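**Q** Contents are compact mmCIF, C-alpha atoms; file name start.txt:
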```txt
# COMPACT_ATOMS: atom_id res chain seq x y z
CA MET A 2 -124.78 -75.90 -79.81
CA VAL A 3 -127.74 -75.40 -82.08
CA ALA A 4 -129.60 -73.73 -79.24
CA VAL A 5 -126.70 -71.36 -78.63
CA VAL A 6 -126.47 -70.43 -82.31
CA GLN A 7 -130.17 -69.62 -82.50
CA GLU A 8 -129.89 -67.12 -79.65
CA LEU A 9 -127.31 -65.07 -81.48
CA GLY A 10 -127.43 -62.10 -83.76
CA GLU A 11 -126.43 -62.55 -87.37
CA SER A 12 -123.02 -60.94 -86.89
CA HIS A 13 -121.99 -63.91 -84.78
CA TYR A 14 -122.98 -66.60 -87.26
CA PRO A 15 -119.57 -66.87 -88.99
CA SER A 16 -117.81 -67.33 -85.63
CA CYS A 17 -120.33 -69.94 -84.59
CA MET A 18 -119.82 -71.72 -87.85
CA ILE A 19 -116.08 -72.02 -87.24
CA GLU A 20 -116.80 -73.40 -83.78
CA LEU A 21 -119.35 -75.92 -85.00
CA LEU A 22 -117.37 -77.17 -87.93
CA SER A 23 -114.02 -77.37 -86.23
CA LEU A 24 -115.68 -79.73 -83.78
CA LEU A 25 -117.19 -81.82 -86.52
CA ARG A 26 -114.48 -81.81 -89.18
CA SER A 27 -114.76 -85.48 -89.85
CA SER A 28 -118.47 -85.84 -90.27
CA PRO A 29 -121.43 -84.35 -92.14
CA ILE A 30 -123.17 -81.46 -90.47
CA CYS A 31 -126.68 -80.08 -90.71
CA VAL A 32 -127.48 -76.45 -90.05
CA ALA A 33 -130.70 -74.47 -89.97
CA GLU A 34 -131.61 -72.56 -93.13
CA HIS A 35 -130.51 -69.16 -91.82
CA LEU A 36 -126.97 -70.49 -91.25
CA ALA A 37 -126.55 -72.08 -94.67
CA PRO A 38 -124.99 -68.96 -96.34
CA PHE A 39 -122.14 -69.11 -93.83
CA LEU A 40 -121.06 -72.69 -94.45
CA PRO A 41 -117.32 -72.69 -95.14
CA SER A 42 -115.64 -72.37 -98.49
CA HIS A 43 -112.34 -73.84 -99.59
CA PRO A 44 -109.44 -72.22 -101.49
CA ILE A 45 -109.30 -74.93 -104.17
CA VAL A 46 -112.67 -76.68 -104.25
CA PRO A 47 -115.52 -74.12 -104.12
CA THR A 48 -117.98 -75.07 -101.40
CA GLY A 49 -120.20 -73.20 -98.96
CA GLY A 50 -122.76 -70.45 -99.21
CA GLU A 51 -122.80 -66.85 -100.43
CA ARG A 52 -121.24 -65.44 -97.26
CA ALA A 53 -118.98 -68.41 -96.66
CA ILE A 54 -116.32 -68.32 -93.99
CA ASP A 55 -112.76 -69.50 -94.72
CA ALA A 56 -111.95 -73.20 -94.81
CA VAL A 57 -112.02 -74.99 -91.45
CA ALA A 58 -110.36 -78.14 -92.75
CA ALA A 59 -107.92 -79.04 -95.50
CA ALA A 60 -110.47 -81.51 -96.82
CA PRO A 61 -113.39 -79.56 -98.38
CA TYR A 62 -115.96 -82.30 -97.74
CA GLY A 63 -114.52 -83.41 -94.41
CA SER A 64 -112.18 -86.32 -93.99
CA ALA A 65 -113.55 -89.73 -93.12
CA SER A 66 -109.97 -90.83 -92.41
CA ILE A 67 -110.19 -88.99 -89.09
CA LEU A 68 -112.80 -91.55 -88.04
CA LEU A 69 -110.08 -94.21 -88.21
CA ILE A 70 -108.59 -92.75 -85.05
CA SER A 71 -111.82 -93.29 -83.14
CA TRP A 72 -112.21 -96.72 -84.69
CA ALA A 73 -108.67 -97.73 -83.71
CA TYR A 74 -109.18 -96.50 -80.15
CA ILE A 75 -112.40 -98.50 -79.82
CA LYS A 76 -110.81 -101.65 -81.25
CA MET A 77 -107.75 -101.37 -79.02
CA LEU A 78 -109.64 -100.55 -75.84
CA GLY A 79 -112.49 -103.06 -76.18
CA GLY A 80 -115.83 -102.74 -74.35
CA GLN A 81 -114.37 -102.77 -70.85
CA GLY A 82 -111.54 -100.45 -71.83
CA MET A 83 -113.95 -97.94 -73.33
CA THR A 84 -115.97 -97.89 -70.12
CA ASP A 85 -112.87 -97.60 -67.95
CA SER A 86 -111.24 -94.84 -69.98
CA SER A 87 -114.51 -92.89 -70.06
CA LYS A 88 -114.72 -93.11 -66.27
CA ILE A 89 -111.12 -91.94 -65.93
CA ALA A 90 -111.78 -89.03 -68.31
CA LEU A 91 -114.75 -87.96 -66.17
CA LEU A 92 -112.70 -88.30 -62.99
CA ASN A 93 -109.82 -86.27 -64.46
CA ALA A 94 -112.09 -83.50 -65.69
CA ASN A 95 -113.86 -83.28 -62.35
CA TYR A 96 -110.52 -83.27 -60.53
CA ILE A 97 -109.40 -80.30 -62.63
CA ALA A 98 -112.77 -78.61 -62.10
CA SER A 99 -112.58 -78.98 -58.33
CA ARG A 100 -108.96 -77.78 -58.22
CA LEU A 101 -109.74 -74.73 -60.34
CA SER A 102 -113.03 -73.77 -58.70
CA GLY A 103 -112.40 -70.82 -56.42
CA HIS A 104 -109.76 -69.56 -58.83
CA TYR A 105 -111.80 -69.35 -62.03
CA ASN A 106 -115.45 -69.19 -63.02
CA LEU A 107 -116.35 -72.58 -64.45
CA ARG A 108 -119.29 -72.94 -66.82
CA TYR A 109 -121.71 -75.72 -67.65
CA LYS A 110 -121.72 -77.69 -64.44
CA ASN A 111 -124.68 -79.94 -63.73
CA GLY A 112 -127.03 -79.72 -60.76
CA SER A 113 -124.48 -81.46 -58.53
CA GLY A 114 -121.68 -79.11 -59.57
CA ARG A 115 -120.02 -81.79 -61.74
CA VAL A 116 -118.68 -81.50 -65.26
CA ALA A 117 -118.49 -84.12 -68.02
CA HIS A 118 -115.30 -84.83 -69.95
CA GLU A 119 -114.19 -81.23 -70.29
CA VAL A 120 -113.92 -78.10 -68.21
CA LEU A 121 -115.05 -74.73 -69.48
CA ILE A 122 -113.35 -71.75 -67.91
CA ASP A 123 -115.01 -68.37 -68.34
CA LEU A 124 -112.27 -65.80 -68.88
CA ALA A 125 -114.56 -62.86 -69.70
CA GLU A 126 -113.96 -61.22 -66.31
CA PHE A 127 -110.26 -60.77 -67.15
CA ASP A 128 -111.00 -59.10 -70.45
CA LYS A 129 -113.32 -56.66 -68.70
CA ALA A 130 -110.98 -56.01 -65.78
CA ALA A 131 -107.61 -55.82 -67.51
CA GLY A 132 -108.03 -56.48 -71.24
CA LEU A 133 -106.61 -59.99 -70.94
CA LYS A 134 -107.78 -62.23 -73.77
CA VAL A 135 -108.10 -66.00 -73.99
CA THR A 136 -105.03 -66.11 -76.22
CA ASP A 137 -102.96 -64.40 -73.51
CA PHE A 138 -103.82 -67.20 -71.10
CA ALA A 139 -103.14 -69.83 -73.75
CA LYS A 140 -99.77 -68.28 -74.59
CA ARG A 141 -98.82 -68.10 -70.92
CA LEU A 142 -99.73 -71.72 -70.37
CA GLN A 143 -97.60 -72.81 -73.32
CA VAL A 144 -99.27 -76.19 -73.33
CA THR A 145 -100.72 -77.54 -76.53
CA ARG A 146 -103.42 -79.42 -74.65
CA LEU A 147 -105.13 -76.18 -73.84
CA ILE A 148 -107.74 -75.89 -76.52
CA VAL A 149 -108.96 -72.38 -76.70
CA MET A 150 -112.59 -72.12 -77.48
CA ILE A 151 -114.49 -68.93 -77.99
CA ILE A 152 -118.18 -68.97 -77.29
CA TYR A 153 -120.15 -65.98 -78.43
CA ARG A 154 -123.42 -65.15 -76.80
CA SER A 155 -125.74 -62.35 -77.76
CA LEU A 156 -125.12 -59.96 -74.88
CA THR A 157 -122.22 -61.03 -72.76
CA CYS A 158 -119.87 -62.31 -75.45
CA TRP A 159 -118.19 -64.73 -73.09
CA LEU A 160 -114.63 -65.64 -73.80
CA SER A 161 -113.99 -69.06 -72.45
CA GLY A 162 -111.06 -71.41 -72.18
CA LEU A 163 -111.70 -75.09 -72.60
CA ARG A 164 -109.57 -77.82 -71.15
CA LEU A 165 -109.97 -81.35 -72.46
CA PRO A 166 -108.21 -83.78 -70.15
CA SER A 167 -107.38 -86.99 -71.98
CA PRO A 168 -107.87 -90.34 -70.24
CA HIS A 169 -104.14 -90.86 -69.96
CA MET A 170 -103.39 -87.79 -67.92
CA PHE A 171 -102.30 -88.99 -64.53
CA LEU A 172 -102.53 -87.17 -61.22
CA ALA A 173 -99.01 -85.68 -61.29
CA ASP A 174 -99.59 -84.49 -64.82
CA LEU A 175 -102.92 -82.98 -63.85
CA ASN A 176 -101.38 -81.24 -60.87
CA LEU A 177 -98.66 -79.81 -63.09
CA HIS A 178 -101.23 -78.30 -65.41
CA VAL A 179 -103.42 -77.01 -62.65
CA ASP A 180 -100.78 -75.65 -60.27
CA ARG A 181 -98.09 -73.97 -62.22
CA THR A 182 -96.76 -72.91 -65.52
CA TYR A 183 -93.25 -73.24 -66.74
CA ARG A 184 -91.51 -70.23 -65.28
CA ILE A 185 -88.92 -68.38 -67.32
CA MET B 25 -103.55 -72.35 -64.29
CA ILE B 26 -103.62 -71.26 -60.66
CA GLN B 27 -100.28 -69.47 -61.07
CA ILE B 28 -101.62 -67.67 -64.15
CA ARG B 29 -104.67 -66.64 -62.13
CA ARG B 30 -102.32 -64.98 -59.61
CA GLU B 31 -100.48 -63.20 -62.41
CA ALA B 32 -103.80 -61.99 -63.82
CA GLU B 33 -104.65 -60.65 -60.35
CA ASP B 34 -101.37 -58.66 -60.38
CA ILE B 35 -102.38 -57.14 -63.71
CA ILE B 36 -105.89 -56.28 -62.46
CA THR B 37 -104.52 -54.67 -59.28
CA GLY B 38 -101.90 -52.73 -61.23
CA LYS B 39 -98.84 -54.54 -59.87
CA GLN B 40 -97.98 -55.36 -63.48
CA PRO B 41 -98.79 -52.89 -66.27
CA LYS B 42 -101.69 -53.79 -68.58
CA ASP B 43 -99.60 -53.64 -71.77
CA ASN B 44 -96.29 -55.09 -70.54
CA ASN B 45 -96.93 -58.13 -68.38
CA LEU B 46 -96.31 -61.85 -68.13
CA LEU B 47 -99.50 -62.76 -69.98
CA LYS B 48 -99.40 -60.22 -72.82
CA ASN B 49 -95.69 -60.89 -73.40
CA ALA B 50 -96.06 -64.67 -73.39
CA PRO B 51 -94.63 -66.88 -74.67
CA HIS B 52 -91.13 -66.25 -73.36
CA PRO B 53 -88.88 -68.08 -75.80
CA LEU B 54 -85.14 -68.52 -75.43
CA SER B 55 -84.50 -65.95 -78.17
CA VAL B 56 -86.07 -63.31 -75.94
CA ILE B 57 -84.58 -64.52 -72.68
CA VAL B 58 -81.00 -64.23 -73.97
CA LEU B 59 -81.38 -60.65 -75.27
CA ARG B 60 -78.71 -58.13 -74.28
CA GLU B 61 -79.61 -55.74 -71.51
CA ASP B 62 -80.01 -52.79 -73.89
CA GLN B 63 -82.39 -54.83 -76.08
CA TRP B 64 -84.52 -56.05 -73.19
CA ASN B 65 -87.93 -54.37 -73.15
CA ARG B 66 -89.96 -56.68 -70.98
CA LEU B 67 -91.10 -56.20 -67.44
CA VAL B 68 -88.65 -57.36 -64.76
CA LEU B 69 -90.41 -58.58 -61.64
```
Could you write out this file's structure as structure tokens?

**A**
Amino acid sequence: MVAVVQELGESHYPSCMIELLSLLRSSPICVAEHLAPFLPSHPIVPTGGERAIDAVAAAPYGSASILLISWAYIKMLGGQGMTDSSKIALLNANYIASRLSGHYNLRYKNGSGRVAHEVLIDLAEFDKAAGLKVTDFAKRLQVTRLIVMIIYRSLTCWLSGLRLPSPHMFLADLNLHVDRTYRI
Amino acid sequence: MIQIRREAEDIITGKQPKDNNLLKNAPHPLSVIVLREDQWNRLVL
């Protein structure tokens, strides 16, 4: 992420900041000096730099309580459970990636064409061809699990959709998400 | 997702208009679906 931010022009810094901080709401974050003015403010507790973006979390200094969720998962799953659920998450994500390849441009695959625990769909082609935005796809899908993520890059300004399959999504569930939407 | 891709293709090829289509009009809540005929302003496929 840091590498991506450094490639960008200054006009994209606030957007990058939202992206970075929404991912890291629960924990401290370090940014390079040139990004410091854009660190987010808060409507009640003044924080952030001179050109601060709006709040990204209700808690101005982050909320350590979010870490309890991770802690509880780890305690409940145990060592073996953590390993198993991680493997299932990778399998699920790669299943989605292989089902969607040929239909969508997928980003950030490794040398073997595999993804990690999430699938990044590049939707920029649809904006160029027909003015369709990421939010239009998200609205059409009507599924809260679709996390829409916007990645700005200096020239192409990719608009990408991100799907995060959770370890408990089973094959039928995956197929439902991949194949069809809920028709009116 | 694959179904949406097909709908997007319809919009690109012009089968659905660019400003009145299944993606731009989404979501399609019940309050819209039950509109009277004279109030209906969405594309009918």

**Q** Excluding segment 54-69 of chain B and its own-chain neighbours fewer than 3 positions away, which residues fall within 10 Å of it when counting all atoms listed in the file? Please give them as a ChimeraX atom specification.

**A** /A:185 /B:39-41,43-46,49,51

**Q** Go ahead and save the picked residues with C-alpha atoms, as a compact mmCIF listing (two decimals), keeping the file's coordinate frame.

**A**
```
# COMPACT_ATOMS: atom_id res chain seq x y z
CA ILE A 185 -88.92 -68.38 -67.32
CA LYS B 39 -98.84 -54.54 -59.87
CA GLN B 40 -97.98 -55.36 -63.48
CA PRO B 41 -98.79 -52.89 -66.27
CA ASP B 43 -99.60 -53.64 -71.77
CA ASN B 44 -96.29 -55.09 -70.54
CA ASN B 45 -96.93 -58.13 -68.38
CA LEU B 46 -96.31 -61.85 -68.13
CA ASN B 49 -95.69 -60.89 -73.40
CA PRO B 51 -94.63 -66.88 -74.67
```

**Q** Quick one: pull the distance between atom CA of Pro41 of chain A and atom CA of Asp55 of chain A, Å, one decimal.

**A** 5.6 Å

**Q** Kindly provide the residues of segment 115-147 of chain A that approach segment 72-89 of chain A to within 12 Å, each paired with its closest atom pair and their distance in Å to one decimal, based on only C-alpha atoms, listed by chain and increasing number, as a tab-separated table.

**A**
```
residue	atom	partner	partner_atom	distance
A:Ala117	CA	A:Ser87	CA	9.8
A:His118	CA	A:Ser87	CA	8.1
A:Glu119	CA	A:Ser87	CA	11.7
```

**Q** Each residue of chain B with at least one atom at most 10 Å from chain A should appear once, together with its nearest atom pair and the corresponding distance in Å (one decimal); atoms considered: all atoms listed in the file; ordering: chain, then increasing residue number; output as CSV.

**A**
```
residue,atom,partner,partner_atom,distance
B:Met25,CA,A:Val179,CA,4.9
B:Ile26,CA,A:Asp180,CA,5.2
B:Gln27,CA,A:Arg181,CA,5.1
B:Ile28,CA,A:Thr182,CA,7.3
B:Arg29,CA,A:His104,CA,6.7
B:Arg30,CA,A:His104,CA,8.8
B:Glu31,CA,A:Arg141,CA,10.0
B:Ala32,CA,A:Phe127,CA,7.4
B:Glu33,CA,A:Phe127,CA,8.8
B:Asp34,CA,A:Ala131,CA,9.9
B:Ile35,CA,A:Ala131,CA,6.6
B:Ile36,CA,A:Ala131,CA,5.4
B:Thr37,CA,A:Ala131,CA,8.9
B:Gly38,CA,A:Ala131,CA,9.0
B:Pro41,CA,A:Ala131,CA,9.4
B:Lys42,CA,A:Ala131,CA,6.3
B:Asp43,CA,A:Gly132,CA,8.9
B:Leu46,CA,A:Arg141,CA,7.3
B:Leu47,CA,A:Asp137,CA,5.2
B:Lys48,CA,A:Asp137,CA,5.5
B:Asn49,CA,A:Asp137,CA,8.1
B:Ala50,CA,A:Arg141,CA,5.0
B:Pro51,CA,A:Lys140,CA,5.3
B:His52,CA,A:Ile185,CA,6.8
B:Pro53,CA,A:Ile185,CA,8.5
B:Leu54,CA,A:Ile185,CA,8.9
B:Ile57,CA,A:Ile185,CA,7.9
```

**Q** Find the axis-aligned box for segment 31-43 of chain B, covering all its listed atoms and adding 6 Å on each side, and write its centre and edge lengths in Å to one decimal as AutoDock Vina command-line options.

**A**
```
--center_x -101.9 --center_y -58.0 --center_z -65.5 --size_x 19.9 --size_y 22.5 --size_z 24.5
```

**Q** Have a look at atom CA of Ala94 of chain A and atom CA of Leu69 of chain A and let me know their distance in Å, one decimal.

**A**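 Going from atom CA of Ala94 of chain A over to atom CA of Leu69 of chain A covers 25.0 Å.
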
**Q** In Å, with one decimal, what is the gap from atom CA of Ala98 of chain A to atom CA of Leu68 of chain A?

**A** 29.0 Å
